[in-house]
$ cat start14.txt   # compact mmCIF, C-alpha atoms and all ligand atoms
# COMPACT_ATOMS: atom_id res chain seq x y z
CA MET A 1431 6.53 9.68 -11.73
CA GLN A 1432 10.22 9.85 -12.53
CA ASP A 1433 12.33 10.70 -9.46
CA VAL A 1434 9.20 10.56 -7.30
CA THR A 1435 7.37 7.24 -7.16
CA ASP A 1436 10.33 5.35 -5.84
CA LEU A 1437 10.20 2.86 -3.02
CA ALA A 1438 10.65 5.51 -0.30
CA PHE A 1439 7.89 7.76 -1.61
CA MET A 1440 5.49 4.86 -2.11
CA GLY A 1441 6.03 3.90 1.54
CA VAL A 1442 5.31 7.43 2.73
CA ILE A 1443 2.20 7.73 0.57
CA SER A 1444 0.83 4.42 1.77
CA HIS A 1445 1.22 5.58 5.37
CA TYR A 1446 -1.39 8.27 4.67
CA GLY A 1447 -3.68 6.10 2.54
CA ALA A 1448 -2.40 4.34 -0.56
CA PRO A 1449 -3.98 4.55 -4.01
CA ASP A 1450 -5.54 1.38 -5.43
CA TYR A 1451 -2.50 0.89 -7.71
CA PHE A 1452 0.91 2.37 -8.23
CA PHE A 1453 2.76 2.84 -11.52
CA THR A 1454 6.55 2.83 -11.43
CA GLU A 1455 8.83 5.45 -12.87
CA PHE A 1456 9.40 4.47 -16.50
CA PHE A 1457 11.90 1.80 -17.46
CA ARG A 1458 13.78 3.01 -20.55
CA VAL A 1459 13.80 0.39 -23.29
CA HIS A 1460 16.42 0.32 -26.07
CA SER A 1461 19.05 -2.03 -27.42
CA GLN A 1462 21.41 -1.58 -24.46
CA SER A 1463 18.82 -1.29 -21.70
CA ARG A 1464 18.38 -3.49 -18.67
CA PRO A 1465 15.58 -2.75 -16.18
CA GLU A 1466 16.98 -0.05 -13.89
CA ARG A 1467 17.80 -1.46 -10.47
CA HIS A 1468 16.41 1.40 -8.44
CA ILE A 1469 13.07 1.09 -10.22
CA LEU A 1470 13.04 -2.68 -9.71
CA ARG A 1471 13.31 -2.02 -5.99
CA SER A 1472 9.92 -0.28 -6.05
CA ILE A 1473 8.50 -3.58 -7.32
CA ASP A 1474 10.54 -6.16 -5.42
CA GLU A 1475 10.44 -4.38 -2.06
CA ASN A 1476 6.95 -2.91 -2.37
CA SER A 1477 5.38 -3.29 1.06
CA THR A 1478 2.44 -0.95 0.52
CA GLY A 1479 -0.02 -3.80 0.10
CA ARG A 1480 -1.07 -2.32 -3.27
CA PRO A 1481 -0.18 -3.68 -6.72
CA VAL A 1482 2.44 -1.91 -8.79
CA PHE A 1483 2.48 -1.74 -12.59
CA ALA A 1484 5.83 -1.50 -14.38
CA GLN A 1485 5.87 1.34 -16.90
CA LEU A 1486 7.94 1.10 -20.09
CA ILE A 1487 9.03 3.82 -22.49
CA GLY A 1488 10.46 2.83 -25.85
CA GLU A 1489 9.65 1.94 -29.44
CA ASP A 1490 11.81 -1.04 -30.38
CA LEU A 1491 9.51 -4.05 -30.66
CA HIS A 1492 12.10 -6.71 -29.91
CA HIS A 1493 13.50 -4.91 -26.88
CA LEU A 1494 10.04 -4.07 -25.53
CA SER A 1495 9.19 -7.79 -25.63
CA ARG A 1496 12.51 -8.71 -24.07
CA THR A 1497 11.97 -6.20 -21.27
CA VAL A 1498 8.51 -7.59 -20.58
CA ASP A 1499 10.05 -11.07 -20.23
CA GLU A 1500 12.61 -9.71 -17.76
CA LEU A 1501 10.02 -7.80 -15.73
CA ARG A 1502 7.70 -10.77 -15.52
CA LYS A 1503 10.22 -12.37 -13.16
CA HIS A 1504 9.28 -9.66 -10.66
CA PRO A 1505 5.99 -9.27 -8.76
CA ILE A 1506 4.34 -6.79 -11.14
CA ALA A 1507 0.60 -6.18 -11.42
CA GLY A 1508 1.02 -5.66 -15.16
CA ILE A 1509 2.85 -3.70 -17.83
CA ASP A 1510 2.05 -0.07 -18.64
CA LEU A 1511 3.18 1.70 -21.83
CA ASN A 1512 4.13 5.38 -21.65
CA LEU A 1513 2.66 7.37 -24.55
CA GLY A 1514 2.81 10.74 -22.84
CA CYS A 1515 6.23 11.96 -21.73
CA PRO A 1516 6.56 15.48 -23.20
CA ALA A 1517 10.27 16.12 -22.58
CA PRO A 1518 11.84 17.15 -25.91
CA LYS A 1519 14.80 14.84 -25.45
CA VAL A 1520 12.35 11.96 -25.11
CA TYR A 1521 9.86 12.79 -27.84
CA LYS A 1522 12.66 13.56 -30.32
CA LYS A 1523 13.65 9.89 -30.01
CA ASN A 1524 10.08 9.06 -31.00
CA VAL A 1525 9.19 7.49 -27.69
CA GLY A 1526 6.73 8.53 -24.98
CA GLY A 1527 4.59 11.43 -26.23
CA GLY A 1528 6.55 11.51 -29.51
CA LEU A 1529 4.80 8.33 -30.67
CA LEU A 1530 1.41 10.05 -30.65
CA ARG A 1531 2.32 11.47 -34.09
CA GLU A 1532 2.41 7.94 -35.54
CA PRO A 1533 -0.67 5.82 -34.93
CA ALA A 1534 0.68 3.09 -37.25
CA LYS A 1535 3.78 2.67 -35.07
CA ILE A 1536 1.63 2.64 -31.95
CA ALA A 1537 -0.46 -0.16 -33.50
CA GLU A 1538 2.67 -2.28 -33.93
CA ILE A 1539 3.79 -1.63 -30.37
CA LEU A 1540 0.39 -2.45 -28.93
CA ALA A 1541 0.23 -5.69 -30.93
CA THR A 1542 3.71 -6.67 -29.72
CA LEU A 1543 3.07 -5.87 -26.09
CA ARG A 1544 -0.36 -7.45 -26.07
CA ALA A 1545 1.22 -10.67 -27.35
CA ALA A 1546 4.05 -10.46 -24.81
CA VAL A 1547 1.97 -9.68 -21.73
CA PRO A 1548 -0.20 -12.56 -20.53
CA GLY A 1549 -1.70 -10.53 -17.70
CA LEU A 1550 -2.76 -6.91 -17.47
CA PHE A 1551 -1.51 -4.57 -20.19
CA THR A 1552 -2.28 -0.89 -19.64
CA VAL A 1553 -1.50 2.37 -21.46
CA LYS A 1554 -0.90 5.92 -20.27
CA MET A 1555 -1.44 8.50 -23.01
CA ARG A 1556 -1.92 12.17 -23.70
CA VAL A 1557 -4.64 13.31 -26.11
CA GLY A 1558 -2.21 13.99 -28.96
CA PHE A 1559 1.07 15.63 -29.89
CA ASP A 1560 0.20 19.10 -31.31
CA ASP A 1561 -3.55 18.54 -31.27
CA ALA A 1562 -6.10 15.75 -30.93
CA THR A 1563 -6.24 14.84 -34.65
CA HIS A 1564 -5.34 11.18 -34.08
CA PHE A 1565 -7.17 10.78 -30.77
CA ASP A 1566 -10.16 8.75 -32.01
CA ARG A 1567 -7.90 6.50 -34.10
CA LEU A 1568 -5.68 5.91 -31.06
CA LEU A 1569 -8.67 5.07 -28.89
CA ASP A 1570 -9.84 2.55 -31.49
CA LEU A 1571 -6.37 0.97 -31.38
CA MET A 1572 -6.76 0.47 -27.62
CA ASN A 1573 -9.88 -1.57 -28.37
CA GLU A 1574 -8.32 -3.49 -31.28
CA HIS A 1575 -5.42 -4.55 -29.08
CA SER A 1576 -7.45 -5.35 -25.98
CA VAL A 1577 -5.77 -2.89 -23.64
CA ASP A 1578 -6.96 -3.58 -20.08
CA LEU A 1579 -6.86 -0.05 -18.62
CA LEU A 1580 -6.26 3.35 -20.21
CA SER A 1581 -5.03 6.40 -18.30
CA VAL A 1582 -5.61 9.65 -20.20
CA HIS A 1583 -3.75 12.83 -19.30
CA GLY A 1584 -6.07 15.39 -20.90
CA ARG A 1585 -3.40 17.56 -22.50
CA THR A 1586 -1.36 17.35 -25.70
CA VAL A 1587 2.41 16.90 -25.54
CA LYS A 1588 2.85 20.54 -26.54
CA GLU A 1589 0.63 21.64 -23.68
CA MET A 1590 3.09 20.15 -21.20
CA TYR A 1591 1.79 20.47 -17.60
CA ARG A 1592 0.00 23.75 -17.02
CA SER A 1593 -2.65 24.36 -19.66
CA GLU A 1594 -6.34 23.68 -19.06
CA VAL A 1595 -7.12 19.97 -19.08
CA HIS A 1596 -9.41 18.74 -21.90
CA TYR A 1597 -11.84 16.75 -19.77
CA ASP A 1598 -14.20 16.62 -22.76
CA LEU A 1599 -11.62 14.44 -24.53
CA ILE A 1600 -11.27 12.21 -21.47
CA ALA A 1601 -15.07 11.84 -21.56
CA ARG A 1602 -14.79 10.87 -25.22
CA ALA A 1603 -12.22 8.22 -24.33
CA ALA A 1604 -14.42 6.83 -21.56
CA ALA A 1605 -17.32 6.52 -24.00
CA ARG A 1606 -15.28 5.02 -26.84
CA VAL A 1607 -12.97 2.42 -25.31
CA CYS A 1608 -14.05 -0.93 -23.91
CA CYS A 1609 -11.68 -0.89 -20.93
CA PRO A 1610 -11.85 1.33 -17.83
CA VAL A 1611 -10.40 4.83 -18.24
CA LEU A 1612 -8.56 6.78 -15.55
CA ALA A 1613 -8.89 10.56 -15.84
CA ASN A 1614 -5.62 12.37 -15.26
CA GLY A 1615 -4.56 16.00 -15.06
CA ASN A 1616 -5.15 18.59 -12.32
CA ILE A 1617 -7.08 16.31 -9.98
CA LEU A 1618 -6.31 18.85 -7.27
CA SER A 1619 -8.53 17.57 -4.48
CA ALA A 1620 -11.14 15.00 -3.54
CA PRO A 1621 -14.08 17.26 -4.53
CA ARG A 1622 -12.34 17.88 -7.86
CA ALA A 1623 -11.89 14.11 -8.34
CA ALA A 1624 -15.62 13.58 -7.78
CA ALA A 1625 -16.50 16.38 -10.21
CA VAL A 1626 -14.19 15.00 -12.91
CA LEU A 1627 -15.62 11.50 -12.51
CA GLY A 1628 -19.09 13.00 -12.83
CA THR A 1629 -18.36 14.92 -16.03
CA THR A 1630 -16.10 12.40 -17.78
CA LYS A 1631 -17.76 9.17 -16.60
CA ALA A 1632 -14.25 7.78 -16.21
CA ALA A 1633 -13.84 4.70 -14.03
CA GLY A 1634 -11.33 6.41 -11.75
CA VAL A 1635 -8.70 9.09 -11.45
CA MET A 1636 -4.94 9.04 -11.65
CA ILE A 1637 -3.19 11.55 -9.41
CA GLY A 1638 0.38 12.75 -9.86
CA ARG A 1639 1.74 16.04 -8.52
CA HIS A 1640 -1.14 16.62 -6.14
CA ALA A 1641 -0.21 13.50 -4.21
CA ILE A 1642 3.24 15.00 -3.62
CA ARG A 1643 1.60 18.14 -2.24
CA ASN A 1644 -1.07 16.25 -0.33
CA PRO A 1645 -0.37 12.56 0.38
CA TRP A 1646 -3.75 12.29 2.15
CA ILE A 1647 -5.52 12.82 -1.19
CA PHE A 1648 -6.24 9.13 -1.86
CA ARG A 1649 -7.83 8.67 1.55
CA GLN A 1650 -9.78 11.92 1.07
CA CYS A 1651 -11.02 10.65 -2.32
CA ARG A 1652 -12.29 7.45 -0.70
CA GLU A 1653 -14.07 9.52 1.96
CA GLN A 1654 -15.56 11.84 -0.67
CA PHE A 1655 -16.73 8.99 -2.90
CA SER A 1656 -18.42 7.19 0.00
CA GLY A 1657 -20.16 10.34 1.26
CA GLN A 1658 -18.17 10.60 4.49
CA PRO A 1659 -16.73 13.88 5.79
CA VAL A 1660 -13.36 14.55 4.19
CA THR A 1661 -10.45 14.70 6.64
CA VAL A 1662 -9.11 18.22 7.19
CA ILE A 1663 -5.31 18.41 7.14
CA THR A 1664 -3.54 20.88 9.41
CA LEU A 1665 -0.16 22.54 9.08
CA ALA A 1666 1.09 20.32 11.94
CA ASP A 1667 0.11 17.27 9.86
CA VAL A 1668 2.13 18.67 6.97
CA HIS A 1669 5.13 19.14 9.26
CA GLU A 1670 4.91 15.50 10.27
CA TYR A 1671 4.70 14.50 6.56
CA ILE A 1672 7.87 16.48 5.79
CA GLU A 1673 9.73 14.83 8.68
CA ARG A 1674 8.58 11.38 7.54
CA LEU A 1675 9.59 12.09 3.94
CA TYR A 1676 12.97 13.34 5.11
CA ARG A 1677 13.65 10.17 7.08
CA ALA A 1678 12.38 7.91 4.29
CA THR A 1679 14.54 9.53 1.61
CA GLN A 1680 17.70 9.67 3.73
CA THR A 1681 20.50 7.44 2.43
CA PRO A 1682 24.25 7.45 3.06
CA GLU A 1683 24.89 8.51 -0.57
CA PHE A 1684 22.29 11.26 -0.39
CA ALA A 1685 23.34 13.18 2.67
CA GLY A 1686 23.64 16.82 3.71
CA ARG A 1687 23.04 19.40 1.04
CA TYR A 1688 22.13 16.80 -1.61
CA HIS A 1689 19.37 15.54 0.60
CA VAL A 1690 18.13 19.05 1.33
CA ASN A 1691 18.05 19.73 -2.41
CA LYS A 1692 16.09 16.55 -3.03
CA MET A 1693 13.60 17.56 -0.33
CA LYS A 1694 13.15 20.96 -1.95
CA LYS A 1695 11.84 19.24 -5.07
CA TYR A 1696 8.99 17.71 -3.08
CA LEU A 1697 8.48 20.84 -0.99
CA ASN A 1698 7.99 22.94 -4.12
CA PHE A 1699 4.67 21.14 -4.42
CA VAL A 1700 3.86 21.03 -0.69
CA GLY A 1701 4.41 24.79 -0.42
CA GLN A 1702 1.52 25.49 -2.77
CA GLY A 1703 -0.87 24.72 0.07
CA VAL A 1704 0.93 26.35 3.01
CA ASP A 1705 0.25 30.08 2.60
CA PRO A 1706 -1.37 32.27 -0.06
CA THR A 1707 1.66 34.50 -0.64
CA GLY A 1708 4.20 31.73 -1.21
CA SER A 1709 6.40 32.86 1.68
CA PHE A 1710 7.08 29.28 2.82
CA LEU A 1711 8.30 28.51 -0.71
CA HIS A 1712 10.43 31.65 -0.75
CA ASP A 1713 12.14 30.80 2.55
CA MET A 1714 12.41 27.06 1.91
CA ARG A 1715 14.20 27.57 -1.42
CA ARG A 1716 16.93 29.56 0.33
CA THR A 1717 17.89 26.86 2.82
CA GLU A 1718 21.07 24.83 2.47
CA THR A 1719 21.28 22.61 5.54
CA GLU A 1720 18.96 20.27 7.37
CA SER A 1721 18.73 22.62 10.34
CA GLU A 1722 17.91 25.61 8.12
CA LEU A 1723 15.28 23.60 6.30
CA PHE A 1724 13.57 22.45 9.49
CA ALA A 1725 13.80 25.91 11.04
CA VAL A 1726 11.77 27.19 8.08
CA CYS A 1727 9.32 24.29 8.40
CA ASP A 1728 8.93 24.93 12.15
CA ARG A 1729 8.34 28.65 11.64
CA HIS A 1730 5.79 28.26 8.84
CA LEU A 1731 4.03 25.11 9.99
CA LEU A 1732 4.17 25.08 13.78
CA THR A 1733 3.42 28.71 14.63
CA GLU A 1734 -0.26 28.07 13.88
CA PRO A 1735 -0.24 24.26 13.88
CA THR A 1736 -4.02 23.85 13.80
CA ARG A 1737 -4.49 26.09 10.76
CA ALA A 1738 -5.83 24.11 7.78
CA PHE A 1739 -3.57 23.14 4.91
CA ALA A 1740 -5.27 24.41 1.74
CA VAL A 1741 -7.40 21.79 0.01
CA GLU A 1742 -6.17 23.00 -3.39
CA PRO A 1743 -3.05 25.02 -4.30
CA TYR A 1744 -3.37 28.72 -3.55
CA PRO A 1745 -3.97 30.59 -6.82
CA GLY A 1746 -0.75 31.93 -8.27
CA VAL A 1747 1.49 29.93 -5.91
CA ILE A 1748 3.18 27.61 -8.36
CA ALA A 1749 5.93 25.07 -8.03
CA ARG A 1750 8.20 27.14 -10.29
CA PRO A 1751 7.33 30.14 -12.44
CA ASN A 1752 8.85 28.53 -15.52
CA CYS A 1753 7.61 24.98 -15.08
CA GLU A 1754 5.81 25.01 -18.41
CA THR A 1755 9.06 25.54 -20.26
CA PRO A 1756 11.24 22.73 -18.98
CA VAL A 1757 14.93 22.63 -19.69
CA ALA A 1758 14.78 21.92 -23.39
CA GLU A 1759 17.10 18.95 -23.45
CA ALA A 1760 16.36 17.44 -20.05
CA ASP A 1761 16.22 13.68 -20.24
CA GLY A 1762 12.75 12.66 -19.22
CA CYS A 1763 9.96 13.81 -16.96
CA SER A 1764 12.12 14.29 -13.90
CA LEU A 1765 11.41 16.86 -11.24
CA GLU A 1766 14.19 18.96 -12.73
CA THR A 1767 12.30 18.90 -16.01
CA ILE A 1768 9.02 19.85 -14.46
CA LEU A 1769 10.32 22.42 -12.02
CA GLY A 1770 12.81 24.11 -14.34
C1 LIG B 1801 8.01 14.88 -11.71
C2 LIG B 1801 7.08 14.19 -12.64
C3 LIG B 1801 7.47 12.99 -13.19
C4 LIG B 1801 6.59 12.31 -14.03
N1 LIG B 1801 6.97 11.10 -14.53
C5 LIG B 1801 6.08 10.37 -15.25
C6 LIG B 1801 6.38 9.05 -15.67
O1 LIG B 1801 7.48 8.52 -15.44
N2 LIG B 1801 5.44 8.37 -16.36
C7 LIG B 1801 4.21 8.92 -16.65
O2 LIG B 1801 3.36 8.25 -17.24
N3 LIG B 1801 3.91 10.18 -16.29
C8 LIG B 1801 4.81 10.89 -15.59
N4 LIG B 1801 4.48 12.17 -15.19
C9 LIG B 1801 3.17 12.75 -15.58
C10 LIG B 1801 2.11 12.45 -14.51
O3 LIG B 1801 1.90 11.07 -14.41
C11 LIG B 1801 0.79 13.12 -14.85
O4 LIG B 1801 0.32 12.60 -16.08
C12 LIG B 1801 0.86 14.63 -14.98
O5 LIG B 1801 1.69 15.20 -14.00
C13 LIG B 1801 -0.55 15.25 -14.87
O6 LIG B 1801 -1.22 14.79 -13.72
P1 LIG B 1801 -1.24 15.64 -12.32
O7 LIG B 1801 -1.90 16.96 -12.63
O8 LIG B 1801 -2.02 14.76 -11.40
O9 LIG B 1801 0.19 15.81 -11.92
C14 LIG B 1801 5.33 12.88 -14.37
C15 LIG B 1801 4.98 14.10 -13.81
C16 LIG B 1801 5.82 14.75 -12.95
C17 LIG B 1801 5.38 16.07 -12.36

$ encode --input "start14.txt" --output "C-alpha cells"
Amino acid sequence: MQDVTDLAFMGVISHYGAPDYFFTEFFRVHSQSRPERHILRSIDENSTGRPVFAQLIGEDLHHLSRTVDELRKHPIAGIDLNLGCPAPKVYKKNVGGGLLREPAKIAEILATLRAAVPGLFTVKMRVGFDDATHFDRLLDLMNEHSVDLLSVHGRTVKEMYRSEVHYDLIARAAARVCCPVLANGNILSAPRAAAVLGTTKAAGVMIGRHAIRNPWIFRQCREQFSGQPVTVITLADVHEYIERLYRATQTPEFAGRYHVNKMKKYLNFVGQGVDPTGSFLHDMRRTETESELFAVCDRHLLTEPTRAFAVEPYPGVIARPNCETPVAEADGCSLETILG
C-alpha cells in the first residue's frame, strides 16, 4: 500500500506475525521513471524473512519491460502488475484501474510482462471499472498469459473502498483461473478471513487496511485456520504497537509535527477498534506534538489496559467520514487519498 508498506511498516508488521508475502508500494512506470529509491529499500533491506513482490503501475510496454530488467537486479520474489488503483489522477492516465476498460491493452501488457519475467508474475485487479462487464474476459487473459497468482479486490474502480465487496465475483475468479486467487476487500478479522475462504474457495486472502488497524491479524489468521484459539489483543498491546510504530517511522527528516501527522494516518485505522464512540479518534486528531499524542494514547489505552481491542472495527467508527470520495486529483492510492 502506497505510503504504508514501506520498510519500517513491514518490520513492525513482521514483529507481530508477518504475512506469507509482501507486495511493495507501486513503482510508477513511464518514459522518465526509475524505480523509486524508497520503495527499493523495502526490497533490498527487507529483513522480515518473507518474500516481497515488486508492484508496477503503468501501460508503456517498453518501459514496463525495462523496469522489470532493473528490478530483477534486486532480491524480489516476483513482479506484480497493478490493475486496481482507483485514484482519478491515476486512472485518467489509463493505468492502474483505468486499464480495466480496455481488455485488449491488458492483453498486450500481460504478454509483455510474461515474456520479461522469468520467475513469478502476479496481478492485482479489481472486478471492473464501472461494472463487471469485462471480468470473465480479463480472467481468461490471466490464463492465456500464464499469470502465477491473481489477487482480486472485489469492488469496481468506481466503488472505491467502502461499498460491499462482491465475494461472488471473487468466487467466480477462483473457479475460472488456473492460478491461485487471493481474495481481497474487507477481510476485517481472522473469522472473516475463514468465512471468505469458505465462500469464495480462494487460495488465500490479501489484507490491506485491517493490518494497519490490527498488525496481529496475520498471526490470528494462522491460528484460526489451524483451529487454535485466536489471540485476544488488549488495549495495552495496542499502546505498545503505537510506540513501536512511532520509533520505527522516526527519521531525522520526519521529526516533530510531521511525524505526529504521519502517525495520525495510521492511527485513523487503529482508532476504529479502540472505543465504540470514536472518542480516541476525536482526541488523537487534535494532537500536534509527540507528548500530546502519547498523552491521548495513555488516557485511552492504559486506563483499562486489559480491555480487549475490538476484533473488527466498531460500526460507524470510520477512518474518515469522506474516505469514499478521495481528493479528486490526488496522485495515487496514498493515505491522503484514502482518508480525504
Ligand atoms: C493507503 C492505501 C494505499 C494503497 N496502495 C495500494 C497499492 O499501492 N497497490 C495496490 O495494489 N493496492 C493498494 N491499495 C489497495 C489495497 O491493496 C486493497 O486492495 C484495498 O484497500 C482493499 O483491501 P482492504 O479492505 O484489506 O484494505 C491501497 C489501499 C490503501 C488504503

$ residues_near_point --input "start14.txt" --point "(10.6, -7.3, -15.5)" --cutoff "10 Å" --atoms "only C-alpha atoms" --output "list in words"
Phe1457, Arg1464, Pro1465, Glu1466, Leu1470, Ile1473, Ala1484, Gln1485, Leu1486, Arg1496, Thr1497, Val1498, Asp1499, Glu1500, Leu1501, Arg1502, Lys1503, His1504, Pro1505, Ile1506, Gly1508 and Ile1509 of chain A

$ write_last_selection --input "start14.txt" --atoms "C-alpha atoms" --output "tab-separated table (two decimals), in the coordinates of the input"
chain	number	residue	atom	x	y	z
A	1457	PHE	CA	11.90	1.80	-17.46
A	1464	ARG	CA	18.38	-3.49	-18.67
A	1465	PRO	CA	15.58	-2.75	-16.18
A	1466	GLU	CA	16.98	-0.05	-13.89
A	1470	LEU	CA	13.04	-2.68	-9.71
A	1473	ILE	CA	8.50	-3.58	-7.32
A	1484	ALA	CA	5.83	-1.50	-14.38
A	1485	GLN	CA	5.87	1.34	-16.90
A	1486	LEU	CA	7.94	1.10	-20.09
A	1496	ARG	CA	12.51	-8.71	-24.07
A	1497	THR	CA	11.97	-6.20	-21.27
A	1498	VAL	CA	8.51	-7.59	-20.58
A	1499	ASP	CA	10.05	-11.07	-20.23
A	1500	GLU	CA	12.61	-9.71	-17.76
A	1501	LEU	CA	10.02	-7.80	-15.73
A	1502	ARG	CA	7.70	-10.77	-15.52
A	1503	LYS	CA	10.22	-12.37	-13.16
A	1504	HIS	CA	9.28	-9.66	-10.66
A	1505	PRO	CA	5.99	-9.27	-8.76
A	1506	ILE	CA	4.34	-6.79	-11.14
A	1508	GLY	CA	1.02	-5.66	-15.16
A	1509	ILE	CA	2.85	-3.70	-17.83

$ closest_residue --input "start14.txt" --among "A:Leu1568, A:Met1431, A:Ala1537, A:Met1590" --to "Pro1518 (chain A)" --atoms "only C-alpha atoms"
A:Met1590

$ residues_around --input "start14.txt" --residues "region 1689-1706 of chain A" --least-positions-apart "6" --cutoff "10 Å" --atoms "all atoms listed in the file" --output "VMD selection string"
chain A and resid 1433 to 1434 1639 to 1645 1664 to 1665 1668 1671 to 1672 1675 to 1676 1679 to 1683 1712 1714 to 1724 1730 to 1731 1737 to 1750 1765 to 1766 1768 to 1769

$ closest_residue --input "start14.txt" --among "A:Asp1510, A:Asp1560, A:Glu1455, A:Asp1667" --to "Arg1467 (chain A)" --atoms "all atoms listed in the file"
A:Glu1455

$ atom_distance --input "start14.txt" --atom1 "CA of Asn1573 (chain A)" --atom2 "CA of Leu1540 (chain A)"
10.3 Å

$ axis_aligned_box --input "start14.txt" --around "ligand LIG 1801 (chain B)" --padding-each-side "4 Å" --output "lines of an AutoDock Vina configuration file"
center_x = 3.0
center_y = 12.6
center_z = -14.3
size_x = 18.0
size_y = 16.7
size_z = 13.8

$ closest_residue --input "start14.txt" --among "A:Asp1450, A:Asp1570, A:Glu1670, A:Glu1589" --to "ligand LIG 1801 (chain B)" --atoms "all atoms listed in the file"
A:Glu1589

$ closest_residue --input "start14.txt" --among "A:Val1607, A:Val1587, A:Met1636, A:Val1582" --to "Arg1567 (chain A)" --atoms "only C-alpha atoms"
A:Val1607

$ residues_around --input "start14.txt" --residues "Glu1653 (chain A)" --least-positions-apart "2" --cutoff "12 Å" --atoms "all atoms listed in the file" --output "list of chain:residue names"
A:Gly1447, A:Ser1619, A:Ala1620, A:Pro1621, A:Ala1623, A:Ala1624, A:Trp1646, A:Ile1647, A:Phe1648, A:Arg1649, A:Gln1650, A:Cys1651, A:Phe1655, A:Ser1656, A:Gly1657, A:Gln1658, A:Pro1659, A:Val1660, A:Thr1661, A:Val1662

$ build_atoms --input "start14.txt" --residues "region 1621-1633 of chain A" --atoms "N, CA and C atoms" --output "JSON list (two decimals), in the frame of the given file"
[["chain", "number", "residue", "atom", "x", "y", "z"],
["A", 1621, "PRO", "N", -12.89, 16.75, -3.83],
["A", 1621, "PRO", "CA", -14.08, 17.26, -4.53],
["A", 1621, "PRO", "C", -13.85, 17.36, -6.04],
["A", 1622, "ARG", "N", -12.64, 17.77, -6.43],
["A", 1622, "ARG", "CA", -12.34, 17.88, -7.86],
["A", 1622, "ARG", "C", -12.37, 16.50, -8.51],
["A", 1623, "ALA", "N", -11.87, 15.49, -7.80],
["A", 1623, "ALA", "CA", -11.89, 14.11, -8.34],
["A", 1623, "ALA", "C", -13.34, 13.69, -8.59],
["A", 1624, "ALA", "N", -14.21, 13.97, -7.63],
["A", 1624, "ALA", "CA", -15.62, 13.58, -7.78],
["A", 1624, "ALA", "C", -16.25, 14.32, -8.96],
["A", 1625, "ALA", "N", -15.92, 15.61, -9.11],
["A", 1625, "ALA", "CA", -16.50, 16.38, -10.21],
["A", 1625, "ALA", "C", -16.01, 15.84, -11.55],
["A", 1626, "VAL", "N", -14.73, 15.51, -11.64],
["A", 1626, "VAL", "CA", -14.19, 15.00, -12.91],
["A", 1626, "VAL", "C", -14.79, 13.64, -13.24],
["A", 1627, "LEU", "N", -14.98, 12.80, -12.25],
["A", 1627, "LEU", "CA", -15.62, 11.50, -12.51],
["A", 1627, "LEU", "C", -17.04, 11.72, -13.02],
["A", 1628, "GLY", "N", -17.71, 12.72, -12.42],
["A", 1628, "GLY", "CA", -19.09, 13.00, -12.83],
["A", 1628, "GLY", "C", -19.16, 13.47, -14.27],
["A", 1629, "THR", "N", -18.26, 14.37, -14.68],
["A", 1629, "THR", "CA", -18.36, 14.92, -16.03],
["A", 1629, "THR", "C", -17.78, 13.99, -17.09],
["A", 1630, "THR", "N", -16.75, 13.24, -16.75],
["A", 1630, "THR", "CA", -16.10, 12.40, -17.78],
["A", 1630, "THR", "C", -16.67, 10.99, -17.82],
["A", 1631, "LYS", "N", -17.31, 10.57, -16.74],
["A", 1631, "LYS", "CA", -17.76, 9.17, -16.60],
["A", 1631, "LYS", "C", -16.58, 8.19, -16.65],
["A", 1632, "ALA", "N", -15.41, 8.68, -16.29],
["A", 1632, "ALA", "CA", -14.25, 7.78, -16.21],
["A", 1632, "ALA", "C", -14.45, 6.82, -15.04],
["A", 1633, "ALA", "N", -13.70, 5.71, -15.08],
["A", 1633, "ALA", "CA", -13.84, 4.70, -14.03],
["A", 1633, "ALA", "C", -13.10, 5.12, -12.76]]
